[in-house]
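A.B. asks: The structure follows.
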Amino acid sequence: NSKDRYLPEDWDHFHILLEQLLHRVPHLGSAILDRLCNGPEAFSPDCKWIVGEAPEVVYLFPHFFCNTIRHYLVAAGMKTVGISAAGGVGQLTAEIIVNGETSFDMYELEVSRFLGLHNNRKFLRDRVKEVPGMHYGLSYPFHEFQTGRNLRMSPVYPKLREAGAVFGQVMGYERPTWFETRQTADGESQDWSTPYRMAYTNTFGKPPWLDNVAAEYAACRESVGISDYSSFTKIDLWSKGNEVVDALQYVCSNDVDVPIGSIIHTGMQNKYGGYENDCSLARLSENHYMMIAPTIQQTRCKVWLQKHLPPTVTLSDVTSMFTALAIMGPFTRTLLSELTDTDLSPKNFPFFTFKMLDVGLANGIRTMNLTHTGELGYVLYIPNEFALHVYSSLIQAGEKYGIKHAGYYATRALRVEKFYAFWGQDLDTRTTPLECGRVWRVKFDVMSKMFCYLNYSFAFQKKVDFIGRDALLKQKEEGVKRMYIQLILNDHCHETDLWPWGGEPVYRDGRYVGMCTTTGYGFTFKKQVCLGFVENPDENGELLRVTNDYVLSGDYEVDIAGIRYNAKVNLHSPILPTKYPDKERDVYQATRDKHDDNIVVKAIK
Ligand SMILES: Cc1cc2nc3c(=O)[nH]c(=O)nc-3n(C[C@H](O)[C@H](O)[C@H](O)COP(=O)(O)OP(=O)(O)OC[C@H]3O[C@@H](n4cnc5c(N)ncnc54)[C@H](O)[C@@H]3O)c2cc1C
């Protein structure tokens, strides 16, 4: 009964609106009152609509499924704009019903952006009381919810809090954004009972955390920074035979059949060549991989994998089993060497490889020689019970190297300046590797392994197929219609001007050509850095091919709140000057257009 869904009349609440209404439409004063209908509106925990297919669908194999609610589509949480939304939401829902997919890029709205915790009734009751305020409030950059906090925390959380961490929340996980290192007024030493600090920016100009982040950034580039990466999605994939290799070859666009101990970065494309996921894969053994994916992909990429993997491949979400600590900076190799007997020299443990290390008294630490920000460093995936021990050992041994905690705002600044794209911020389900300088990570020409039987090897090799290959090949032939670029603002004053925060229009030779995705202050460039995509529309708005020449021959401006700032354009990750250059790192450019070397294979040799 829809009447049960009405709330009691609330005239006091309505009075404010009524006054304004009568002011605007005085005639309403003579209208006869029939009834006051007080109907609740539906809000989701993050103030965004909820659409798409319920993730609780478990496919055993494409076209076969078990014990599931397949084709259960959601269109809810429409808040106060459900009528305006109806056209688009209706279209995408109809497309999913008819075609099994939609033409919209809508990962931000999909129901698979949630985890089980988002179904907790107390969480929902607390959070949804806060959400309508956000809907109507002024939305500052990096908004944080106040409710539903201190829910998912890594084992080193108390230590980070003691060290001054100011937390942001992603997928319910508390993650340090920056560290407040100022002493308390009375000089009292901090301890873990220190008040919980929540991240805030509350401005569109120079943020209050800039100086703290600058110091953390400097540590990562010139000494040692330590960050908690525990929220990242971690998935183990294995099989008895080599089924996992074949399955991942099909699901991933990069070549996963790399030597044991190698790590590759790869996209998982859809049939349009767009990124359903962007991840690192470490080959732990012949038929066992560990996947590291963005935090927000914990449900979503699992659903994609479950839809496409055969039943012979086992998938296990190990996100909550491992604490991930990243150490970044020129002294990290020396520091980690003090805590392990394994030879960490580049010859024995090269860039983009994996080793199972003993660290301090602990063992079984899955250690990856990469950092996601381009610095020399390692990410240690530590079984939770060893996390505090490993963390304390690193902090203790790192003291003489000037180890410093670094939060997400510092690592973000590092990766924006290094021109590294992130899924969910720069990459989405409609962006292809060719558009974002990653064609070198696509296995267009990789041949399947020779099939050997009884000492005969068969010569019917063929190119390895993968989802999206046809679309990408076509795009390779026809050229791209948008391209990922880095813009360095020339005449922007970071002290007094409003900052770019993403979404700013980009102009080329005075014409609008695209928008910024992510932005950050480049502490080495000492300039604002904007990442984004540019197009090449003709006079009728028809999109033409975008070439390197087109990009490099234009004069660029970025519009921030109505003021246009001149910008220098980059197509490749820049090499940033440092006091401690590192040969291995310096040749690596995350964003580039040529497959000029194969770092993994070279490194392994
Ligand atoms: C007072 C008010 C003013 C609004 N003003 C605007 C506006 O100006 N512009 C705008 O864009 N949006 C506005 N909205 C929001 C908009 O009306 C909603 O977002 C939109 O109607 C939501 O559509 P829906 O289909 O998701 O849900 P609903 O419209 O709520 O439809 C759900 C239907 O499901 C039925 N139902 C529920 N449970 C069951 C069950 N178990 N079995 C069978 N049927 C069931 C309900 O009876 C209902 O008919 C307003 C909302 C309110 C309350």
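A note on labels: chains of the structure tokens are A, B, ... as shown, every chain counts residues from 1, and ligands are counted from 1 in their shown order.
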Would you list the contacts of A:Leu92 as a list in words, taking every protein, DNA or RNA residue within 8 Å and counting only C-alpha atoms, but skipping same-chain residues closer than 3 positions in sequence?
C.D. replies: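 That gives Gly88, Val89, Glu95, Ile96, Thr102, Ser103 and Phe104 of chain A.
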A.B. asks: Mind dumping the selected residues with all heavy atoms as a JSON list (two decimals), in the first residue's frame?
C.D. replies:
```
[["chain", "number", "residue", "atom", "x", "y", "z"],
["A", 88, "GLY", "N", 17.39, 8.46, -19.27],
["A", 88, "GLY", "CA", 18.68, 7.75, -19.36],
["A", 88, "GLY", "C", 18.65, 6.42, -18.63],
["A", 88, "GLY", "O", 19.10, 5.40, -19.16],
["A", 89, "VAL", "N", 18.09, 6.44, -17.42],
["A", 89, "VAL", "CA", 18.05, 5.20, -16.63],
["A", 89, "VAL", "C", 17.18, 4.17, -17.34],
["A", 89, "VAL", "O", 17.52, 2.98, -17.40],
["A", 89, "VAL", "CB", 17.56, 5.48, -15.19],
["A", 89, "VAL", "CG1", 17.30, 4.18, -14.44],
["A", 89, "VAL", "CG2", 18.57, 6.33, -14.44],
["A", 95, "GLU", "N", 18.51, -1.40, -22.45],
["A", 95, "GLU", "CA", 19.64, -1.95, -23.22],
["A", 95, "GLU", "C", 20.20, -3.21, -22.56],
["A", 95, "GLU", "O", 20.52, -4.18, -23.23],
["A", 95, "GLU", "CB", 20.74, -0.90, -23.36],
["A", 95, "GLU", "CG", 20.43, 0.17, -24.39],
["A", 95, "GLU", "CD", 21.53, 1.24, -24.47],
["A", 95, "GLU", "OE1", 22.48, 1.21, -23.66],
["A", 95, "GLU", "OE2", 21.41, 2.10, -25.33],
["A", 96, "ILE", "N", 20.29, -3.17, -21.23],
["A", 96, "ILE", "CA", 20.82, -4.35, -20.53],
["A", 96, "ILE", "C", 19.86, -5.54, -20.72],
["A", 96, "ILE", "O", 20.29, -6.67, -20.95],
["A", 96, "ILE", "CB", 21.06, -4.08, -19.03],
["A", 96, "ILE", "CG1", 22.10, -2.97, -18.86],
["A", 96, "ILE", "CG2", 21.54, -5.34, -18.31],
["A", 96, "ILE", "CD1", 22.33, -2.53, -17.43],
["A", 102, "THR", "N", 25.17, -2.12, -21.80],
["A", 102, "THR", "CA", 24.66, -0.79, -22.13],
["A", 102, "THR", "C", 25.72, 0.03, -22.86],
["A", 102, "THR", "O", 26.92, -0.23, -22.71],
["A", 102, "THR", "CB", 24.19, -0.04, -20.86],
["A", 102, "THR", "OG1", 24.13, 1.34, -21.16],
["A", 102, "THR", "CG2", 25.12, -0.26, -19.70],
["A", 103, "SER", "N", 25.26, 1.01, -23.63],
["A", 103, "SER", "CA", 26.21, 1.84, -24.38],
["A", 103, "SER", "C", 26.80, 2.95, -23.52],
["A", 103, "SER", "O", 27.66, 3.68, -23.95],
["A", 103, "SER", "CB", 25.50, 2.45, -25.59],
["A", 103, "SER", "OG", 24.33, 3.12, -25.18],
["A", 104, "PHE", "N", 26.31, 3.10, -22.27],
["A", 104, "PHE", "CA", 26.81, 4.16, -21.39],
["A", 104, "PHE", "C", 28.02, 3.67, -20.60],
["A", 104, "PHE", "O", 28.09, 2.50, -20.24],
["A", 104, "PHE", "CB", 25.74, 4.57, -20.37],
["A", 104, "PHE", "CG", 24.55, 5.23, -20.98],
["A", 104, "PHE", "CD1", 23.39, 4.50, -21.20],
["A", 104, "PHE", "CD2", 24.55, 6.57, -21.32],
["A", 104, "PHE", "CE1", 22.26, 5.09, -21.75],
["A", 104, "PHE", "CE2", 23.43, 7.18, -21.86],
["A", 104, "PHE", "CZ", 22.29, 6.44, -22.08]]
```
A.B. asks: Just want the 7 Å neighbourhood of A:Thr591, counted on only C-alpha atoms, with same-chain residues fewer than 6 positions away dropped. Output as a list in words.
C.D. replies: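 The residues that qualify are Phe419, Tyr420, Cys436, Gly437, Arg438, His572 and Ser573 of chain A.
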A.B. asks: Those same residues, written as a compact mmCIF listing (two decimals), in the first residue's frame with N, CA and C atoms?
C.D. replies:
```txt
# COMPACT_ATOMS: atom_id res chain seq x y z
N PHE A 419 52.50 11.17 -14.93
CA PHE A 419 51.59 10.87 -16.04
C PHE A 419 51.21 9.39 -16.06
N TYR A 420 50.78 8.89 -14.91
CA TYR A 420 50.29 7.51 -14.78
C TYR A 420 48.76 7.58 -14.72
N CYS A 436 45.22 6.01 -24.52
CA CYS A 436 45.89 6.52 -23.31
C CYS A 436 47.36 6.13 -23.25
N GLY A 437 47.99 6.01 -24.42
CA GLY A 437 49.44 5.80 -24.45
C GLY A 437 49.87 4.44 -23.94
N ARG A 438 49.00 3.41 -24.15
CA ARG A 438 49.36 2.09 -23.63
C ARG A 438 49.29 1.01 -24.70
N HIS A 572 54.15 11.88 -23.31
CA HIS A 572 54.85 10.76 -22.67
C HIS A 572 55.16 11.13 -21.22
N SER A 573 55.26 10.10 -20.38
CA SER A 573 55.64 10.34 -18.98
C SER A 573 56.99 11.05 -18.95
```
A.B. asks: Could you list, as a list in words, every residue within 10 Å of A:Tyr229, counting only C-alpha atoms and ignoring same-chain residues fewer than 6 positions away?
C.D. replies: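 Returned residues: Ser154, Arg175, Pro176, Thr295, Thr323, Ala324, Leu325, Ala326, Val379, Leu380, Tyr381, Gly407 and Tyr408 of chain A.
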A.B. asks: With all heavy atoms retained, could you export that selection as a compact mmCIF listing (two decimals), in the first residue's frame?
C.D. replies:
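As a result, result23.txt now contains:
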```
# COMPACT_ATOMS: atom_id res chain seq x y z
N SER A 154 43.18 -1.40 8.38
CA SER A 154 44.28 -2.35 8.25
C SER A 154 44.88 -2.58 9.64
O SER A 154 44.71 -1.75 10.54
CB SER A 154 45.33 -1.83 7.27
OG SER A 154 46.28 -1.04 7.92
N ARG A 175 41.88 5.12 4.86
CA ARG A 175 43.20 5.23 4.24
C ARG A 175 43.80 6.60 4.56
O ARG A 175 43.11 7.63 4.42
CB ARG A 175 43.11 5.08 2.73
CG ARG A 175 42.22 3.94 2.29
CD ARG A 175 42.36 3.63 0.84
NE ARG A 175 42.25 4.76 -0.07
CZ ARG A 175 42.38 4.63 -1.38
NH1 ARG A 175 42.65 3.46 -1.90
NH2 ARG A 175 42.26 5.67 -2.17
N PRO A 176 45.06 6.63 5.00
CA PRO A 176 45.66 7.94 5.29
C PRO A 176 45.70 8.80 4.03
O PRO A 176 46.11 8.32 2.98
CB PRO A 176 47.08 7.60 5.73
CG PRO A 176 47.03 6.17 6.14
CD PRO A 176 45.98 5.53 5.29
N THR A 295 40.99 -0.29 -5.54
CA THR A 295 40.15 -0.53 -4.37
C THR A 295 38.67 -0.61 -4.75
O THR A 295 37.95 -1.49 -4.30
CB THR A 295 40.35 0.63 -3.35
OG1 THR A 295 41.75 0.71 -3.07
CG2 THR A 295 39.56 0.42 -2.08
N THR A 323 47.99 -7.33 4.37
CA THR A 323 48.21 -5.90 4.57
C THR A 323 49.24 -5.49 3.52
O THR A 323 50.23 -6.20 3.33
CB THR A 323 48.80 -5.64 5.97
OG1 THR A 323 47.88 -6.17 6.91
CG2 THR A 323 49.04 -4.17 6.23
N ALA A 324 48.99 -4.38 2.84
CA ALA A 324 49.95 -3.97 1.81
C ALA A 324 50.67 -2.70 2.25
O ALA A 324 50.03 -1.68 2.52
CB ALA A 324 49.22 -3.74 0.50
N LEU A 325 51.99 -2.80 2.37
CA LEU A 325 52.79 -1.61 2.69
C LEU A 325 53.68 -1.30 1.51
O LEU A 325 54.40 -2.19 1.02
CB LEU A 325 53.64 -1.86 3.94
CG LEU A 325 52.88 -2.02 5.26
CD1 LEU A 325 53.86 -2.32 6.39
CD2 LEU A 325 52.07 -0.77 5.58
N ALA A 326 53.65 -0.05 1.06
CA ALA A 326 54.53 0.36 -0.03
C ALA A 326 55.64 1.20 0.55
O ALA A 326 55.38 2.06 1.40
CB ALA A 326 53.74 1.18 -1.05
N VAL A 379 56.23 -2.99 -3.00
CA VAL A 379 54.97 -3.15 -2.26
C VAL A 379 55.03 -4.52 -1.62
O VAL A 379 55.26 -5.53 -2.30
CB VAL A 379 53.74 -3.02 -3.17
CG1 VAL A 379 52.47 -3.02 -2.32
CG2 VAL A 379 53.79 -1.74 -4.01
N LEU A 380 54.84 -4.55 -0.31
CA LEU A 380 54.92 -5.80 0.45
C LEU A 380 53.50 -6.24 0.82
O LEU A 380 52.79 -5.49 1.51
CB LEU A 380 55.74 -5.62 1.74
CG LEU A 380 57.24 -5.40 1.57
CD1 LEU A 380 57.55 -3.96 1.20
CD2 LEU A 380 57.97 -5.74 2.86
N TYR A 381 53.10 -7.40 0.34
CA TYR A 381 51.80 -7.96 0.71
C TYR A 381 52.05 -8.95 1.84
O TYR A 381 52.63 -10.01 1.64
CB TYR A 381 51.12 -8.61 -0.51
CG TYR A 381 50.75 -7.55 -1.53
CD1 TYR A 381 51.63 -7.20 -2.54
CD2 TYR A 381 49.56 -6.85 -1.41
CE1 TYR A 381 51.32 -6.19 -3.43
CE2 TYR A 381 49.24 -5.83 -2.30
CZ TYR A 381 50.12 -5.50 -3.30
OH TYR A 381 49.82 -4.49 -4.17
N GLY A 407 50.72 9.78 2.62
CA GLY A 407 49.30 9.47 2.42
C GLY A 407 48.93 9.45 0.95
O GLY A 407 49.79 9.64 0.07
N TYR A 408 47.66 9.23 0.68
CA TYR A 408 47.19 9.10 -0.70
C TYR A 408 47.32 10.38 -1.50
O TYR A 408 47.47 10.33 -2.72
CB TYR A 408 45.75 8.58 -0.73
CG TYR A 408 45.76 7.08 -0.82
CD1 TYR A 408 45.85 6.31 0.32
CD2 TYR A 408 45.77 6.44 -2.05
CE1 TYR A 408 45.93 4.94 0.25
CE2 TYR A 408 45.85 5.06 -2.14
CZ TYR A 408 45.92 4.32 -0.99
OH TYR A 408 46.02 2.96 -1.07
```
A.B. asks: Out of stretch 444-530 of chain A, which residues get alpha helix (DSSP H) from DSSP, as a list in words?
C.D. replies: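 Residues meeting the alpha helix (DSSP H) criterion: Arg469, Asp470, Ala471, Leu472, Leu473, Lys474, Gln475, Lys476, Glu477 and Glu478 of chain A.
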A.B. asks: Quick one: which stretch 50-140 of chain A residues come within 12 Å of stretch 423-429 of chain A, and what is the nearest atom pair for each with the distance in Å to one decimal, counting only C-alpha atoms, rows ordered by chain and ascending number, as a Markdown table?
C.D. replies:
```
| residue | atom | partner | partner_atom | distance |
| --- | --- | --- | --- | --- |
| A:Glu101 | CA | A:Thr429 | CA | 11.6 |
| A:Thr102 | CA | A:Thr429 | CA | 10.7 |
| A:Ser103 | CA | A:Thr429 | CA | 9.8 |
| A:Phe104 | CA | A:Thr429 | CA | 8.7 |
| A:Asp105 | CA | A:Thr429 | CA | 5.7 |
| A:Met106 | CA | A:Thr429 | CA | 8.0 |
| A:Tyr107 | CA | A:Thr429 | CA | 7.5 |
| A:Glu108 | CA | A:Gly424 | CA | 7.9 |
| A:Leu109 | CA | A:Gly424 | CA | 11.7 |
| A:Arg113 | CA | A:Gly424 | CA | 11.0 |
```
A.B. asks: Could you write out the selected residues, including N, CA and C atoms, as a short mmCIF file (atom, residue, chain, number, x, y, z; two decimals), in the first residue's frame?
C.D. replies:
```
data_model
loop_
_atom_site.label_atom_id
_atom_site.label_comp_id
_atom_site.auth_asym_id
_atom_site.auth_seq_id
_atom_site.Cartn_x
_atom_site.Cartn_y
_atom_site.Cartn_z
N GLU A 101 24.07 -5.57 -22.16
CA GLU A 101 25.07 -4.53 -21.84
C GLU A 101 24.49 -3.18 -22.24
N THR A 102 25.17 -2.12 -21.80
CA THR A 102 24.66 -0.79 -22.13
C THR A 102 25.72 0.03 -22.86
N SER A 103 25.26 1.01 -23.63
CA SER A 103 26.21 1.84 -24.38
C SER A 103 26.80 2.95 -23.52
N PHE A 104 26.31 3.10 -22.27
CA PHE A 104 26.81 4.16 -21.39
C PHE A 104 28.02 3.67 -20.60
N ASP A 105 28.94 4.60 -20.32
CA ASP A 105 29.98 4.29 -19.34
C ASP A 105 29.39 4.62 -17.99
N MET A 106 29.09 3.62 -17.18
CA MET A 106 28.33 3.92 -15.96
C MET A 106 28.85 3.18 -14.74
N TYR A 107 30.18 2.88 -14.74
CA TYR A 107 30.71 2.12 -13.61
C TYR A 107 30.46 2.84 -12.28
N GLU A 108 30.42 4.20 -12.35
CA GLU A 108 30.24 4.97 -11.11
C GLU A 108 28.87 4.75 -10.49
N LEU A 109 27.92 4.33 -11.32
CA LEU A 109 26.54 4.17 -10.84
C LEU A 109 26.16 2.72 -10.62
N ARG A 113 29.46 -1.38 -7.40
CA ARG A 113 30.46 -0.54 -6.73
C ARG A 113 30.42 -0.76 -5.22
#
```
A.B. asks: Closest to A:Asn369 among A:Ser280, A:Gln486, A:Ser139, A:Ser393, using only C-alpha atoms?
C.D. replies: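 Residue with the minimum atom-to-atom distance to A:Asn369: A:Ser280.
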A.B. asks: Would you list the contacts of stretch 237-252 of chain A as a compact mmCIF listing (two decimals) with N, CA, C and O atoms, in the first residue's frame, taking every protein, DNA or RNA residue within 8 Å and counting only C-alpha atoms, but skipping same-chain residues closer than 4 positions in sequence?
C.D. replies:
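What follows is the written file selection24.txt:
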```txt
# COMPACT_ATOMS: atom_id res chain seq x y z
N VAL A 256 50.13 -12.37 -20.59
CA VAL A 256 50.29 -12.81 -19.20
C VAL A 256 51.23 -14.00 -19.11
O VAL A 256 51.63 -14.40 -18.02
N ASP A 257 51.60 -14.56 -20.27
CA ASP A 257 52.45 -15.76 -20.24
C ASP A 257 53.91 -15.34 -20.14
O ASP A 257 54.71 -15.53 -21.05
N THR A 266 48.26 -4.82 -16.87
CA THR A 266 47.39 -5.13 -17.99
C THR A 266 45.99 -4.56 -17.81
O THR A 266 45.52 -4.41 -16.68
N GLY A 267 45.37 -4.28 -18.92
CA GLY A 267 43.96 -3.93 -18.90
C GLY A 267 43.14 -5.19 -19.08
O GLY A 267 43.63 -6.20 -19.61
N MET A 268 41.90 -5.18 -18.61
CA MET A 268 40.93 -6.21 -18.96
C MET A 268 39.88 -5.47 -19.78
O MET A 268 39.12 -4.67 -19.23
N GLN A 269 39.90 -5.68 -21.11
CA GLN A 269 39.05 -4.86 -21.97
C GLN A 269 37.68 -5.52 -22.18
O GLN A 269 37.55 -6.74 -22.03
N GLU A 286 53.91 -21.44 -11.88
CA GLU A 286 53.49 -21.78 -13.24
C GLU A 286 52.00 -21.45 -13.49
O GLU A 286 51.64 -20.82 -14.47
N ASN A 287 51.15 -21.88 -12.56
CA ASN A 287 49.71 -21.74 -12.78
C ASN A 287 49.01 -20.97 -11.64
O ASN A 287 47.90 -21.30 -11.24
N HIS A 288 49.69 -20.00 -11.11
CA HIS A 288 49.15 -19.21 -9.99
C HIS A 288 49.54 -17.74 -10.17
O HIS A 288 50.72 -17.42 -10.28
N TYR A 289 48.53 -16.89 -10.21
CA TYR A 289 48.76 -15.44 -10.35
C TYR A 289 48.14 -14.71 -9.17
O TYR A 289 47.15 -15.17 -8.60
N MET A 290 48.72 -13.56 -8.84
CA MET A 290 48.06 -12.66 -7.89
C MET A 290 47.71 -11.39 -8.66
O MET A 290 48.57 -10.80 -9.32
N MET A 291 46.45 -10.99 -8.55
CA MET A 291 46.00 -9.78 -9.24
C MET A 291 45.84 -8.64 -8.23
O MET A 291 45.25 -8.85 -7.17
N LEU A 305 35.46 -11.24 -13.89
CA LEU A 305 36.26 -12.47 -13.96
C LEU A 305 35.37 -13.70 -13.89
O LEU A 305 35.51 -14.64 -14.68
N HIS A 308 33.81 -14.65 -17.03
CA HIS A 308 34.64 -15.07 -18.17
C HIS A 308 35.60 -16.21 -17.89
O HIS A 308 36.25 -16.69 -18.82
N LEU A 309 35.75 -16.61 -16.62
CA LEU A 309 36.70 -17.68 -16.35
C LEU A 309 36.00 -19.03 -16.40
O LEU A 309 34.86 -19.16 -15.95
N PRO A 310 36.70 -20.06 -16.89
CA PRO A 310 36.09 -21.40 -16.87
C PRO A 310 36.12 -21.98 -15.46
O PRO A 310 36.88 -21.51 -14.60
N THR A 312 37.47 -24.46 -14.29
CA THR A 312 38.76 -25.07 -13.91
C THR A 312 39.70 -24.04 -13.27
O THR A 312 40.74 -24.40 -12.73
N VAL A 313 39.33 -22.78 -13.35
CA VAL A 313 40.18 -21.74 -12.73
C VAL A 313 39.55 -21.30 -11.42
O VAL A 313 38.37 -20.96 -11.36
N THR A 314 40.34 -21.34 -10.36
CA THR A 314 39.83 -20.94 -9.04
C THR A 314 40.19 -19.49 -8.79
O THR A 314 41.31 -19.05 -9.06
N LEU A 315 39.22 -18.78 -8.25
CA LEU A 315 39.41 -17.35 -7.95
C LEU A 315 39.16 -17.15 -6.46
O LEU A 315 38.16 -17.62 -5.93
N SER A 316 40.09 -16.49 -5.80
CA SER A 316 39.89 -16.25 -4.37
C SER A 316 40.20 -14.78 -4.06
O SER A 316 41.30 -14.30 -4.37
N VAL A 464 47.44 -14.75 -30.22
CA VAL A 464 46.62 -14.96 -29.03
C VAL A 464 45.39 -14.05 -29.09
O VAL A 464 45.52 -12.84 -29.28
N ASP A 465 44.23 -14.63 -28.91
CA ASP A 465 42.99 -13.85 -28.94
C ASP A 465 42.69 -13.31 -27.53
O ASP A 465 43.09 -13.91 -26.53
N PHE A 466 42.04 -12.18 -27.46
CA PHE A 466 41.60 -11.65 -26.16
C PHE A 466 40.39 -10.76 -26.37
O PHE A 466 40.14 -10.29 -27.51
N ILE A 467 39.63 -10.55 -25.32
CA ILE A 467 38.41 -9.74 -25.44
C ILE A 467 38.80 -8.32 -25.87
O ILE A 467 39.67 -7.70 -25.25
```
A.B. asks: I want to know what sits within 7 Å of stretch 374-377 of chain A, based on only C-alpha atoms, with residues of the same chain fewer than 5 positions away left out; could you give that as a list in words?
C.D. replies: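 Surrounding residues, per the criterion: Arg221, Ile327, Met328, Gly329, Pro330, Thr332, Arg333, Asn369, Lys418 and Arg585 of chain A.
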A.B. asks: Throw together the list of residues within 9 Å of ligand 1, counting only C-alpha atoms and all ligand atoms, and drop it here as a ChimeraX atom specification.
C.D. replies: /A:1-3,5-6,37-42,75-86
A.B. asks: May I have the selected residues written with N, CA, C and O atoms, as a CSV table (one decimal), in the first residue's frame?
C.D. replies:
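After the write, part_18.csv holds the following:
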```
chain,number,residue,atom,x,y,z
A,1,ASN,N,0.9,-1.2,0.0
A,1,ASN,CA,0.0,0.0,0.0
A,1,ASN,C,0.9,1.2,0.0
A,1,ASN,O,1.7,1.5,0.9
A,2,SER,N,0.7,2.1,-1.0
A,2,SER,CA,1.6,3.2,-1.1
A,2,SER,C,1.4,4.2,0.0
A,2,SER,O,2.3,4.9,0.4
A,3,LYS,N,0.2,4.2,0.6
A,3,LYS,CA,-0.1,5.1,1.8
A,3,LYS,C,0.9,4.8,2.9
A,3,LYS,O,1.3,5.7,3.7
A,5,ARG,N,3.8,4.2,2.8
A,5,ARG,CA,5.1,4.8,2.6
A,5,ARG,C,5.2,6.3,2.8
A,5,ARG,O,6.2,6.9,2.7
A,6,TYR,N,4.0,6.9,3.1
A,6,TYR,CA,4.0,8.4,3.4
A,6,TYR,C,4.5,8.6,4.8
A,6,TYR,O,4.2,7.8,5.7
A,37,CYS,N,1.3,16.0,1.3
A,37,CYS,CA,1.8,14.7,1.0
A,37,CYS,C,3.3,14.7,1.4
A,37,CYS,O,4.1,15.4,0.7
A,38,ASN,N,3.7,14.0,2.4
A,38,ASN,CA,5.1,14.0,2.8
A,38,ASN,C,5.7,12.6,2.4
A,38,ASN,O,5.6,11.6,3.2
A,39,GLY,N,6.3,12.5,1.2
A,39,GLY,CA,6.8,11.3,0.8
A,39,GLY,C,8.3,11.2,0.9
A,39,GLY,O,9.0,12.1,0.5
A,40,PRO,N,8.8,10.1,1.4
A,40,PRO,CA,10.3,10.0,1.5
A,40,PRO,C,10.9,9.7,0.1
A,40,PRO,O,10.3,9.2,-0.8
A,41,GLU,N,12.2,10.2,0.0
A,41,GLU,CA,12.9,10.0,-1.3
A,41,GLU,C,14.0,9.0,-1.0
A,41,GLU,O,14.5,8.9,0.1
A,42,ALA,N,14.4,8.3,-2.0
A,42,ALA,CA,15.4,7.2,-1.8
A,42,ALA,C,16.8,7.7,-2.1
A,42,ALA,O,17.1,8.1,-3.2
A,75,ALA,N,17.4,-0.3,-10.4
A,75,ALA,CA,17.3,1.2,-10.8
A,75,ALA,C,16.7,1.8,-9.6
A,75,ALA,O,15.5,1.9,-9.5
A,76,ALA,N,17.5,2.2,-8.6
A,76,ALA,CA,17.0,2.7,-7.4
A,76,ALA,C,17.9,3.8,-6.8
A,76,ALA,O,18.9,4.2,-7.5
A,77,GLY,N,17.5,4.4,-5.7
A,77,GLY,CA,18.3,5.4,-5.1
A,77,GLY,C,18.4,6.7,-5.9
A,77,GLY,O,19.4,7.4,-6.0
A,78,MET,N,17.2,7.0,-6.5
A,78,MET,CA,17.2,8.1,-7.5
A,78,MET,C,17.1,9.4,-6.9
A,78,MET,O,17.0,10.4,-7.6
A,79,LYS,N,17.1,9.5,-5.6
A,79,LYS,CA,17.1,10.7,-4.8
A,79,LYS,C,16.0,11.7,-5.4
A,79,LYS,O,15.0,11.2,-5.7
A,80,THR,N,16.3,13.0,-5.4
A,80,THR,CA,15.2,13.9,-5.8
A,80,THR,C,15.1,14.1,-7.3
A,80,THR,O,14.4,15.0,-7.7
A,81,VAL,N,15.9,13.4,-8.0
A,81,VAL,CA,16.0,13.7,-9.4
A,81,VAL,C,15.6,12.5,-10.3
A,81,VAL,O,16.1,12.3,-11.4
A,82,GLY,N,14.7,11.6,-9.8
A,82,GLY,CA,14.4,10.4,-10.5
A,82,GLY,C,13.6,10.6,-11.7
A,82,GLY,O,13.6,9.9,-12.7
A,83,ILE,N,12.8,11.7,-11.7
A,83,ILE,CA,12.0,12.0,-12.9
A,83,ILE,C,12.9,12.5,-14.0
A,83,ILE,O,12.8,12.0,-15.1
A,84,SER,N,13.8,13.4,-13.7
A,84,SER,CA,14.7,13.9,-14.7
A,84,SER,C,15.6,12.7,-15.2
A,84,SER,O,16.0,12.7,-16.3
A,85,ALA,N,15.9,11.8,-14.3
A,85,ALA,CA,16.8,10.7,-14.7
A,85,ALA,C,16.1,9.6,-15.6
A,85,ALA,O,16.8,8.8,-16.2
A,86,ALA,N,14.8,9.7,-15.6
A,86,ALA,CA,14.0,8.5,-16.1
A,86,ALA,C,14.5,8.2,-17.5
A,86,ALA,O,14.6,7.0,-17.9
```
